$ cat final.txt   # compact mmCIF, C-alpha atoms
# COMPACT_ATOMS: atom_id res chain seq x y z
CA MET P 1 -14.02 11.51 26.02
CA GLU P 2 -11.78 13.14 28.56
CA SER P 3 -8.65 15.11 27.78
CA ALA P 4 -5.49 13.29 28.71
CA LYS P 5 -2.46 15.00 30.18
CA GLU P 6 -0.81 16.35 27.00
CA GLN P 7 2.01 13.91 26.55
CA SER P 8 4.74 14.65 24.09
CA CYS P 9 5.59 11.96 21.54
CA PHE P 10 9.24 12.57 22.52
CA ALA P 11 8.50 11.08 25.95
CA CYS P 12 6.90 7.94 24.50
CA GLU P 13 9.07 4.86 25.07
CA MET P 14 7.23 2.85 22.46
CA ARG P 15 7.97 5.28 19.64
CA PRO P 16 10.97 3.47 18.04
CA ASP P 17 8.85 0.34 17.52
CA ARG P 18 6.02 2.09 15.72
CA VAL P 19 6.02 2.72 11.97
CA PHE P 20 4.27 6.07 11.94
CA CYS P 21 5.53 7.46 15.26
CA ASP P 22 9.22 6.97 14.67
CA LEU P 23 9.69 10.24 12.79
CA PRO P 24 12.79 12.44 12.58
CA VAL P 25 13.03 15.13 15.32
CA GLU P 26 11.83 18.03 13.17
CA ALA P 27 8.77 16.15 11.88
CA LEU P 28 7.95 14.87 15.38
CA GLN P 29 8.05 18.40 16.77
CA ALA P 30 5.60 19.51 14.07
CA PHE P 31 3.39 16.48 14.77
CA ASP P 32 3.42 17.21 18.50
CA ALA P 33 2.18 20.71 17.76
CA ILE P 34 -0.88 19.63 15.74
CA LYS P 35 -2.03 16.60 17.72
CA SER P 36 -4.42 16.60 20.65
CA THR P 37 -4.44 13.71 23.08
CA THR P 38 -7.57 12.28 24.65
CA VAL P 39 -8.51 9.24 26.67
CA VAL P 40 -11.31 7.48 24.86
CA PRO P 41 -13.56 5.10 26.84
CA ARG P 42 -14.17 1.50 25.88
CA GLY P 43 -17.08 1.15 23.45
CA ALA P 44 -16.75 4.71 22.10
CA THR P 45 -16.88 5.13 18.33
CA LEU P 46 -13.93 7.02 16.90
CA PHE P 47 -15.56 7.34 13.50
CA ALA P 48 -18.43 5.71 11.66
CA GLU P 49 -18.62 4.22 8.17
CA GLY P 50 -20.11 6.65 5.67
CA LYS P 51 -19.20 9.79 7.66
CA GLN P 52 -16.91 12.46 6.26
CA PRO P 53 -13.37 12.23 7.70
CA ARG P 54 -12.50 14.83 10.36
CA GLY P 55 -8.97 13.62 10.92
CA ILE P 56 -6.76 10.70 11.90
CA TYR P 57 -6.57 8.84 15.19
CA VAL P 58 -3.26 7.41 16.37
CA LEU P 59 -3.79 4.64 18.91
CA CYS P 60 -1.18 5.42 21.58
CA GLU P 61 -2.32 2.39 23.56
CA GLY P 62 -5.24 -0.03 23.61
CA ARG P 63 -7.14 -1.56 20.74
CA ALA P 64 -9.94 -0.60 18.37
CA LYS P 65 -12.33 -2.81 16.45
CA LEU P 66 -12.71 -2.09 12.72
CA SER P 67 -15.93 -3.26 11.09
CA VAL P 68 -18.16 -2.78 8.06
CA CYS P 69 -21.93 -2.79 7.99
CA GLY P 70 -24.34 -4.25 5.43
CA ASP P 71 -27.71 -2.92 4.26
CA SER P 72 -29.37 -5.19 6.79
CA ARG P 73 -27.37 -3.52 9.62
CA LYS P 74 -25.41 -6.75 10.06
CA ARG P 75 -21.81 -6.06 11.10
CA LEU P 76 -18.69 -7.76 9.83
CA MET P 77 -15.52 -7.39 11.81
CA LEU P 78 -12.47 -6.64 9.66
CA ARG P 79 -9.79 -6.73 12.30
CA VAL P 80 -8.66 -5.36 15.65
CA ALA P 81 -6.15 -2.52 15.39
CA GLY P 82 -3.43 -2.33 18.03
CA PRO P 83 -1.23 0.33 19.64
CA GLY P 84 0.74 2.49 17.21
CA GLU P 85 -1.79 2.13 14.39
CA VAL P 86 -3.18 5.13 12.58
CA LEU P 87 -6.92 4.95 11.95
CA GLY P 88 -8.97 6.85 9.40
CA LEU P 89 -5.95 7.44 7.19
CA SER P 90 -7.32 6.38 3.81
CA ALA P 91 -10.51 8.44 4.18
CA CYS P 92 -8.44 11.45 5.25
CA MET P 93 -6.11 11.12 2.26
CA SER P 94 -8.90 10.63 -0.27
CA GLY P 95 -11.40 13.01 1.34
CA LYS P 96 -14.07 10.36 0.84
CA PRO P 97 -16.31 9.02 3.65
CA HIS P 98 -14.88 6.46 6.07
CA GLU P 99 -15.07 2.93 4.68
CA VAL P 100 -15.15 1.34 8.14
CA THR P 101 -16.34 2.00 11.67
CA ALA P 102 -13.74 2.17 14.45
CA GLU P 103 -14.85 1.37 17.99
CA MET P 104 -12.59 1.28 21.04
CA VAL P 105 -12.12 -2.13 22.65
CA ASP P 106 -10.21 -0.73 25.65
CA THR P 107 -10.29 2.64 27.38
CA SER P 108 -7.10 4.18 26.10
CA GLN P 109 -5.17 7.19 24.92
CA VAL P 110 -5.64 8.38 21.36
CA ALA P 111 -3.88 11.22 19.53
CA PHE P 112 -6.13 13.08 17.11
CA VAL P 113 -4.97 15.24 14.19
CA ARG P 114 -7.40 17.27 12.11
CA ARG P 115 -7.45 16.47 8.39
CA LYS P 116 -6.42 19.96 7.32
CA ASP P 117 -3.46 19.96 9.73
CA LEU P 118 -2.45 16.46 8.65
CA LEU P 119 -2.36 17.39 4.96
CA HIS P 120 -0.26 20.49 5.73
CA PHE P 121 2.05 18.39 7.88
CA LEU P 122 2.50 15.77 5.16
CA ARG P 123 3.26 18.44 2.54
CA ASP P 124 5.95 19.90 4.82
CA HIS P 125 7.46 16.58 5.89
CA ARG P 126 8.21 14.19 3.06
CA VAL P 127 9.38 11.45 5.45
CA ALA P 128 5.99 11.42 7.15
CA CYS P 129 4.28 11.28 3.75
CA LEU P 130 6.35 8.21 2.88
CA GLN P 131 5.37 6.63 6.21
CA VAL P 132 1.73 7.25 5.33
CA VAL P 133 2.20 5.52 1.97
CA HIS P 134 3.75 2.55 3.81
CA LEU P 135 0.87 2.44 6.31
CA LEU P 136 -1.73 2.56 3.56
CA SER P 137 0.06 -0.31 1.80
CA GLN P 138 -0.10 -2.34 5.01
CA ASP P 139 -3.81 -1.57 5.43
CA LEU P 140 -4.40 -2.68 1.87
CA HIS P 141 -2.47 -5.94 2.38
CA GLN P 142 -4.64 -6.69 5.42
CA ALA P 143 -7.82 -5.84 3.53
CA TYR P 144 -6.84 -8.18 0.68
CA ASP P 145 -6.14 -10.94 3.21
CA ARG P 146 -9.66 -10.45 4.54
CA VAL P 147 -11.11 -10.55 1.01
CA ARG P 148 -9.21 -13.79 0.45
CA SER P 149 -10.42 -15.37 3.70
CA ILE P 150 -14.07 -14.37 3.16
CA GLY P 151 -14.36 -14.73 -0.60
CA LEU P 152 -12.41 -17.88 -1.19
CA SER P 153 -13.45 -19.82 1.88
CA ARG P 154 -17.11 -19.21 0.87
CA ALA P 155 -16.41 -20.39 -2.64
CA ARG P 156 -14.89 -23.55 -1.21
CA ARG P 157 -17.81 -24.36 1.06
CA PRO P 158 -19.82 -26.45 -1.45
CA HIS P 159 -16.72 -28.57 -2.04
CA LEU P 160 -16.32 -29.19 1.68
CA LEU P 161 -20.00 -30.12 1.99
CA HIS P 162 -19.62 -32.33 -1.05
CA ALA P 163 -16.54 -33.94 0.47
CA ALA P 164 -18.36 -34.41 3.79
CA GLY P 165 -21.31 -36.01 1.97
CA HIS P 166 -18.88 -38.23 0.11
CA ALA P 167 -17.15 -39.28 3.32
CA SER P 168 -20.44 -40.10 5.06
CA ALA P 169 -21.61 -42.06 2.01
CA HIS P 170 -18.41 -44.11 2.20
CA SER P 171 -18.74 -44.69 5.92
CA ASN P 172 -22.34 -45.90 5.57
CA MET S 1 1.97 2.94 -39.49
CA LEU S 2 1.64 -0.48 -37.85
CA SER S 3 1.20 -0.32 -34.11
CA PRO S 4 1.46 -3.20 -31.64
CA TYR S 5 -1.91 -4.93 -31.03
CA GLY S 6 -3.71 -2.08 -32.81
CA LEU S 7 -2.84 0.35 -30.01
CA ASP S 8 -1.97 3.96 -30.64
CA ILE S 9 1.01 4.10 -28.27
CA ILE S 10 1.47 7.29 -26.21
CA GLU S 11 5.24 7.66 -26.04
CA SER S 12 5.45 10.60 -23.66
CA CYS S 13 3.26 11.45 -20.65
CA PHE S 14 3.57 15.12 -21.66
CA THR S 15 1.64 14.48 -24.87
CA CYS S 16 -1.04 12.31 -23.22
CA LYS S 17 -4.38 14.06 -23.57
CA LEU S 18 -5.91 12.02 -20.77
CA ARG S 19 -3.30 13.00 -18.19
CA ALA S 20 -5.34 15.80 -16.59
CA ASP S 21 -8.17 13.39 -15.71
CA ARG S 22 -5.97 10.82 -14.01
CA ILE S 23 -5.04 11.07 -10.34
CA PHE S 24 -1.53 9.67 -10.55
CA CYS S 25 -0.56 10.97 -13.98
CA ASP S 26 -1.41 14.63 -13.45
CA LEU S 27 1.90 15.42 -11.77
CA PRO S 28 3.76 18.76 -11.65
CA THR S 29 6.26 19.25 -14.51
CA ALA S 30 9.40 18.42 -12.51
CA ALA S 31 7.92 15.18 -11.16
CA LEU S 32 6.59 14.22 -14.58
CA GLN S 33 10.02 14.76 -16.13
CA SER S 34 11.57 12.43 -13.53
CA PHE S 35 8.81 9.89 -14.14
CA GLU S 36 9.42 10.02 -17.89
CA ALA S 37 13.06 9.14 -17.29
CA ILE S 38 12.32 5.99 -15.28
CA LYS S 39 9.28 4.54 -17.06
CA TYR S 40 9.26 1.91 -19.80
CA ALA S 41 6.28 2.13 -22.16
CA SER S 42 5.18 -1.28 -23.35
CA ALA S 43 2.24 -2.89 -25.12
CA TYR S 44 0.63 -6.19 -24.14
CA PRO S 45 -1.90 -8.36 -25.99
CA LYS S 46 -5.16 -9.49 -24.42
CA GLY S 47 -4.57 -12.28 -21.89
CA ALA S 48 -1.04 -11.24 -20.86
CA VAL S 49 -0.16 -11.61 -17.17
CA LEU S 50 1.55 -8.52 -15.75
CA PHE S 51 2.27 -10.05 -12.37
CA VAL S 52 1.20 -13.02 -10.30
CA GLU S 53 -0.02 -13.20 -6.71
CA GLY S 54 2.84 -14.28 -4.44
CA GLN S 55 5.58 -13.07 -6.81
CA ALA S 56 8.24 -10.71 -5.38
CA PRO S 57 7.44 -7.14 -6.50
CA ARG S 58 9.41 -5.98 -9.55
CA GLY S 59 7.75 -2.58 -9.80
CA ILE S 60 4.57 -0.72 -10.67
CA PHE S 61 2.48 -0.80 -13.84
CA VAL S 62 0.62 2.36 -14.82
CA LEU S 63 -2.27 1.37 -17.04
CA CYS S 64 -2.43 3.85 -19.95
CA LYS S 65 -4.87 2.03 -22.24
CA GLY S 66 -7.03 -1.07 -21.99
CA ARG S 67 -8.35 -2.92 -18.97
CA VAL S 68 -6.78 -5.38 -16.54
CA LYS S 69 -8.45 -8.07 -14.45
CA LEU S 70 -7.25 -8.18 -10.82
CA SER S 71 -7.86 -11.47 -9.05
CA ILE S 72 -6.86 -13.59 -6.09
CA CYS S 73 -6.61 -17.34 -6.08
CA SER S 74 -6.97 -20.07 -3.46
CA THR S 75 -4.65 -23.05 -3.21
CA ASP S 76 -7.30 -25.27 -4.83
CA GLY S 77 -7.43 -23.03 -7.89
CA LYS S 78 -10.60 -21.06 -7.10
CA THR S 79 -10.42 -17.52 -8.46
CA LEU S 80 -12.05 -14.36 -7.16
CA ILE S 81 -11.98 -11.26 -9.34
CA LEU S 82 -11.60 -8.17 -7.19
CA LYS S 83 -11.76 -5.51 -9.81
CA ILE S 84 -11.43 -4.61 -13.45
CA ALA S 85 -8.77 -1.89 -13.49
CA GLU S 86 -9.34 1.03 -15.87
CA PRO S 87 -6.84 3.35 -17.59
CA GLY S 88 -5.05 5.68 -15.17
CA GLU S 89 -4.75 3.11 -12.40
CA VAL S 90 -1.40 2.13 -10.91
CA LEU S 91 -1.09 -1.62 -10.43
CA GLY S 92 1.20 -3.45 -8.01
CA LEU S 93 1.49 -0.34 -5.87
CA SER S 94 1.21 -1.64 -2.31
CA ALA S 95 3.53 -4.59 -2.96
CA THR S 96 6.11 -2.31 -4.58
CA VAL S 97 5.98 0.12 -1.65
CA SER S 98 6.01 -2.51 1.11
CA GLY S 99 8.35 -4.99 -0.56
CA LYS S 100 5.91 -7.80 0.20
CA PRO S 101 4.79 -10.17 -2.59
CA TYR S 102 2.06 -9.00 -5.01
CA GLU S 103 -1.30 -9.75 -3.37
CA LEU S 104 -3.13 -10.07 -6.69
CA THR S 105 -2.74 -11.41 -10.18
CA ALA S 106 -3.09 -8.85 -12.97
CA GLU S 107 -4.12 -10.08 -16.41
CA THR S 108 -4.99 -7.90 -19.40
CA ILE S 109 -8.48 -8.33 -20.85
CA ASP S 110 -7.86 -5.94 -23.77
CA PRO S 111 -4.69 -5.05 -25.64
CA CYS S 112 -3.05 -2.66 -23.17
CA GLN S 113 -0.41 0.04 -23.02
CA VAL S 114 1.38 -0.03 -19.71
CA ASN S 115 4.14 2.14 -18.28
CA PHE S 116 6.40 0.00 -16.11
CA VAL S 117 8.67 1.48 -13.42
CA LYS S 118 11.23 -0.64 -11.57
CA ARG S 119 10.77 -0.82 -7.79
CA GLU S 120 14.04 0.87 -6.79
CA ASP S 121 13.48 3.68 -9.31
CA PHE S 122 9.92 4.17 -8.07
CA LEU S 123 10.91 4.32 -4.38
CA ARG S 124 13.61 6.87 -5.18
CA PHE S 125 11.10 8.87 -7.25
CA LEU S 126 8.68 8.92 -4.27
CA ARG S 127 11.42 10.09 -1.90
CA GLU S 128 12.25 12.97 -4.24
CA HIS S 129 8.73 14.10 -5.19
CA SER S 130 6.29 14.64 -2.35
CA GLU S 131 3.45 15.44 -4.76
CA ALA S 132 3.84 11.97 -6.28
CA CYS S 133 3.77 10.58 -2.75
CA PHE S 134 0.39 12.27 -2.23
CA ARG S 135 -0.97 10.82 -5.47
CA VAL S 136 0.20 7.36 -4.44
CA ALA S 137 -1.51 7.77 -1.07
CA GLU S 138 -4.70 8.72 -2.88
CA GLN S 139 -4.47 5.69 -5.17
CA LEU S 140 -3.86 3.39 -2.19
CA SER S 141 -6.85 4.91 -0.41
CA ASP S 142 -9.03 4.25 -3.45
CA LYS S 143 -7.85 0.65 -3.58
CA TYR S 144 -8.55 0.26 0.15
CA ASN S 145 -12.02 1.60 -0.50
CA THR S 146 -12.57 -1.00 -3.23
CA ALA S 147 -11.27 -3.80 -0.99
CA CYS S 148 -13.66 -2.77 1.82
CA HIS S 149 -16.50 -2.67 -0.69
CA GLU S 150 -15.60 -6.19 -1.79
CA ILE S 151 -15.44 -7.41 1.81
CA ARG S 152 -18.87 -5.89 2.48
CA SER S 153 -20.33 -7.46 -0.64
CA LEU S 154 -18.83 -10.91 -0.05
CA GLY S 155 -19.28 -11.05 3.69
CA LEU S 156 -22.63 -9.38 4.21
CA SER S 157 -24.71 -10.18 1.12
CA HIS S 158 -27.23 -12.92 1.71
CA SER S 159 -27.50 -14.43 -1.72
CA ALA S 160 -25.84 -14.63 -5.12
CA ALA S 161 -28.92 -12.82 -6.58
CA GLU S 162 -28.30 -9.87 -4.26
CA LYS S 163 -24.63 -9.73 -5.20
CA LEU S 164 -25.37 -9.95 -8.93
CA ALA S 165 -28.02 -7.20 -8.66
CA LYS S 166 -25.52 -4.96 -6.82
CA LEU S 167 -22.86 -5.60 -9.46
CA LEU S 168 -25.24 -4.76 -12.33
CA LEU S 169 -26.37 -1.56 -10.59
CA GLU S 170 -22.74 -0.59 -10.01
CA TRP S 171 -21.90 -1.11 -13.69
CA SER S 172 -25.04 0.72 -14.79
CA SER S 173 -24.02 3.78 -12.78
CA LYS S 174 -20.95 4.28 -14.99
CA ASN S 175 -20.50 5.84 -18.42
CA GLY S 176 -23.26 8.42 -18.05
CA GLU S 177 -26.00 5.77 -17.77
CA ALA S 178 -26.79 6.44 -14.10
CA ALA S 179 -29.58 8.98 -14.67
CA LYS S 180 -31.34 6.93 -17.36
CA GLN S 181 -34.52 5.10 -16.52
CA GLU S 182 -33.38 2.07 -18.51
CA PRO S 183 -29.57 2.11 -18.31
CA ARG S 184 -27.44 -0.02 -20.61
CA VAL S 185 -24.54 -2.16 -19.44
CA LYS S 186 -21.84 -3.33 -21.82
CA MET S 187 -21.13 -6.89 -20.73
CA ALA S 188 -17.37 -7.23 -21.09
CA LEU S 189 -17.10 -10.30 -18.86
CA THR S 190 -18.19 -13.89 -19.33
CA HIS S 191 -20.60 -15.60 -16.92
CA GLU S 192 -17.59 -17.47 -15.54
CA GLU S 193 -15.80 -14.17 -14.80
CA ILE S 194 -18.93 -12.60 -13.27
CA ALA S 195 -19.19 -15.69 -11.05
CA GLN S 196 -15.59 -15.08 -9.99
CA MET S 197 -16.47 -11.47 -9.13
CA ILE S 198 -19.32 -12.38 -6.79
CA GLY S 199 -17.91 -15.61 -5.40
CA THR S 200 -20.38 -18.07 -6.90
CA SER S 201 -20.50 -20.65 -9.70
CA ARG S 202 -20.92 -20.06 -13.45
CA GLU S 203 -24.09 -22.15 -13.39
CA THR S 204 -25.65 -19.90 -10.73
CA VAL S 205 -24.87 -16.76 -12.75
CA THR S 206 -26.41 -18.25 -15.91
CA ARG S 207 -29.50 -19.30 -13.95
CA LEU S 208 -29.83 -15.85 -12.32
CA PHE S 209 -29.57 -14.06 -15.69
CA ALA S 210 -32.26 -16.37 -17.08
CA GLU S 211 -34.51 -15.48 -14.11
CA LEU S 212 -33.87 -11.75 -14.52
CA ARG S 213 -34.75 -12.00 -18.21
CA LYS S 214 -37.88 -14.06 -17.46
CA ARG S 215 -39.06 -11.47 -14.92
CA GLN S 216 -38.32 -8.78 -17.54
CA ILE S 217 -35.92 -7.00 -15.19
CA VAL S 218 -33.17 -7.12 -17.82
CA HIS S 219 -33.08 -7.61 -21.55
CA ALA S 220 -29.99 -8.92 -23.34
CA LYS S 221 -29.13 -7.73 -26.83
CA GLY S 222 -25.81 -9.12 -28.00
CA SER S 223 -23.19 -8.06 -25.47
CA THR S 224 -25.36 -5.21 -24.16
CA LEU S 225 -27.67 -5.64 -21.23
CA LEU S 226 -30.62 -3.27 -20.89
CA ILE S 227 -31.91 -2.81 -17.35
CA ARG S 228 -35.66 -2.52 -17.93
CA ASN S 229 -36.78 -2.48 -14.30
CA LYS S 230 -34.24 -0.62 -12.20
CA ALA S 231 -36.55 -0.52 -9.17
CA ALA S 232 -36.90 -4.31 -9.16
CA LEU S 233 -33.13 -4.71 -9.46
CA LYS S 234 -32.64 -2.29 -6.56
CA ALA S 235 -35.15 -4.22 -4.48
CA LEU S 236 -33.24 -7.41 -5.24
CA ALA S 237 -29.95 -5.73 -4.27
CA SER S 238 -31.31 -4.75 -0.86
CA SER S 239 -33.24 -7.94 -0.16
$ encode --input "final.txt" --output "structure tokens"
Amino acid sequence: MESAKEQSCFACEMRPDRVFCDLPVEALQAFDAIKSTTVVPRGATLFAEGKQPRGIYVLCEGRAKLSVCGDSRKRLMLRVAGPGEVLGLSACMSGKPHEVTAEMVDTSQVAFVRRKDLLHFLRDHRVACLQVVHLLSQDLHQAYDRVRSIGLSRARRPHLLHAAGHASAHSN
Amino acid sequence: MLSPYGLDIIESCFTCKLRADRIFCDLPTAALQSFEAIKYASAYPKGAVLFVEGQAPRGIFVLCKGRVKLSICSTDGKTLILKIAEPGEVLGLSATVSGKPYELTAETIDPCQVNFVKREDFLRFLREHSEACFRVAEQLSDKYNTACHEIRSLGLSHSAAEKLAKLLLEWSSKNGEAAKQEPRVKMALTHEEIAQMIGTSRETVTRLFAELRKRQIVHAKGSTLLIRNKAALKALASS
């Protein structure tokens, strides 16, 4: 990972459109002071499932693939996170190991904030803490959607096979 | 004194002896006082529906006593149980925060005491008490963790036997049974409900339990299941 030119969040034109980034001036100044910006190459792993959280990663640009791994090392893609998303948030808030692995899809700029600094920042800036609660709610909504798509489509499969068998029996 | 559904209702959070052990409830005094002013303590019988998937969020439900089944449903009526919520959990949290419809259906499986807080009161409470905001973030993180676990189990397990073995091992690790060579599991759910937890049919669950008993991996005694061969169950879970 190479260090990017330290860019201030104040100079970012995309900021108003992004849930976490659009903070009041005072909170943004504090955030600017604790973040470090790096350019992360495509294919690099930001964090791995099961590892203790070091901090959060704000995707300034580019995309990252979020996946989970089974005992047989098989991978299941959860979703692709886009610019403006904050990754590693739930593990950082709970202090528990990361639930997912995040891997960069594009070479792009990422802002990193250490866990300790993040928790201090959130204690000092209530607005940011509320934003975090909103982001975690969104993450949870997306996770439930994935549960629904995997769990309920699998449960339906026998019916579809049954229906297909039925249809072919009728056509014969 | 008669109490609703045989529950010993805890009127005030300040007098709740279990508060210290519960992430959300163990708030600083000022925040707890504010919470006391906005909550409605209520009792529900077994089988009551607290909220339904797709319904606009009315508020949060803090589970004080009893257990609640959290499930999602497909359009053709198939049900998948995500979790059995235990006392201390806050239900309907992400929908209340985001304003989006409830993602799950919550149904009591025991008589329950629940503290309900209206959405607008809860959002104001969060704006005023940053410590509560932290607790909510922690609860949401825990729920995210559970959802990822469910995704992993549903999406990456090869067979229903593997999923059932994992579920039994998970249950056996609770209530101080983890260290025992032959842990006991209190079976609170029916075969139908277990099937809904692992995304299979009731018939498959019944057949799998019969096989486990035949291979002497488990032994059923009333509603208690004794895991006689933990190693074999573990091998099945990682097959």
$ axis_aligned_box --input "final.txt" --around "stretch 175-190 of chain S" --padding-each-side "4 Å" --output "JSON"
{"center_x": -25.8, "center_y": -2.5, "center_z": -18.0, "size_x": 25.4, "size_y": 30.9, "size_z": 15.7}
$ atom_distance --input "final.txt" --atom1 "atom CA of S:Asp121" --atom2 "atom CA of S:Ile38"
6.5 Å
$ residues_around --input "final.txt" --residues "stretch 79-90 of chain S" --least-positions-apart "5" --cutoff "6 Å" --atoms "all atoms listed in the file" --output "list in words"
Arg22, Phe61, Val62, Leu63, Cys64, Lys65, Arg67, Val68, Lys69, Leu70, Ser71, Ile72, Cys73, Gln196 and Met197 of chain S
$ closest_residue --input "final.txt" --among "S:Ala48, S:Ala165, S:Leu93, S:Ala30" --to "S:Ile60" --atoms "all atoms listed in the file"
S:Leu93
$ interface_residues --input "final.txt" --of "chain P" --to "chain S" --cutoff "8 Å" --atoms "all atoms listed in the file" --output "ChimeraX atom specification"
/P:68-72,74-76,90-91,93-94,99-100,123,126-127,129-130,132-134,136-141,143-144,146-148,150-152,154-156
$ residues_around --input "final.txt" --residues "stretch 207-218 of chain S" --least-positions-apart "3" --cutoff "8 Å" --atoms "all atoms listed in the file" --output "PyMOL selection string"
chain S and resi 161+203-204+225-230+232-233
$ write_last_selection --input "final.txt" --atoms "C-alpha atoms" --output "tab-separated table (two decimals), in the frame of the given file"
chain	number	residue	atom	x	y	z
S	161	ALA	CA	-28.92	-12.82	-6.58
S	203	GLU	CA	-24.09	-22.15	-13.39
S	204	THR	CA	-25.65	-19.90	-10.73
S	225	LEU	CA	-27.67	-5.64	-21.23
S	226	LEU	CA	-30.62	-3.27	-20.89
S	227	ILE	CA	-31.91	-2.81	-17.35
S	228	ARG	CA	-35.66	-2.52	-17.93
S	229	ASN	CA	-36.78	-2.48	-14.30
S	230	LYS	CA	-34.24	-0.62	-12.20
S	232	ALA	CA	-36.90	-4.31	-9.16
S	233	LEU	CA	-33.13	-4.71	-9.46
$ residues_around --input "final.txt" --residues "P:Met14" --least-positions-apart "6" --cutoff "10 Å" --atoms "only C-alpha atoms" --output "list in words"
Cys21, Asp22, Cys60, Glu61, Pro83 and Gly84 of chain P
$ atom_distance --input "final.txt" --atom1 "atom CA of S:Phe125" --atom2 "atom CA of P:Ile34"
28.1 Å
$ atom_distance --input "final.txt" --atom1 "atom CA of P:Gln142" --atom2 "atom CA of S:Gly66"
28.1 Å
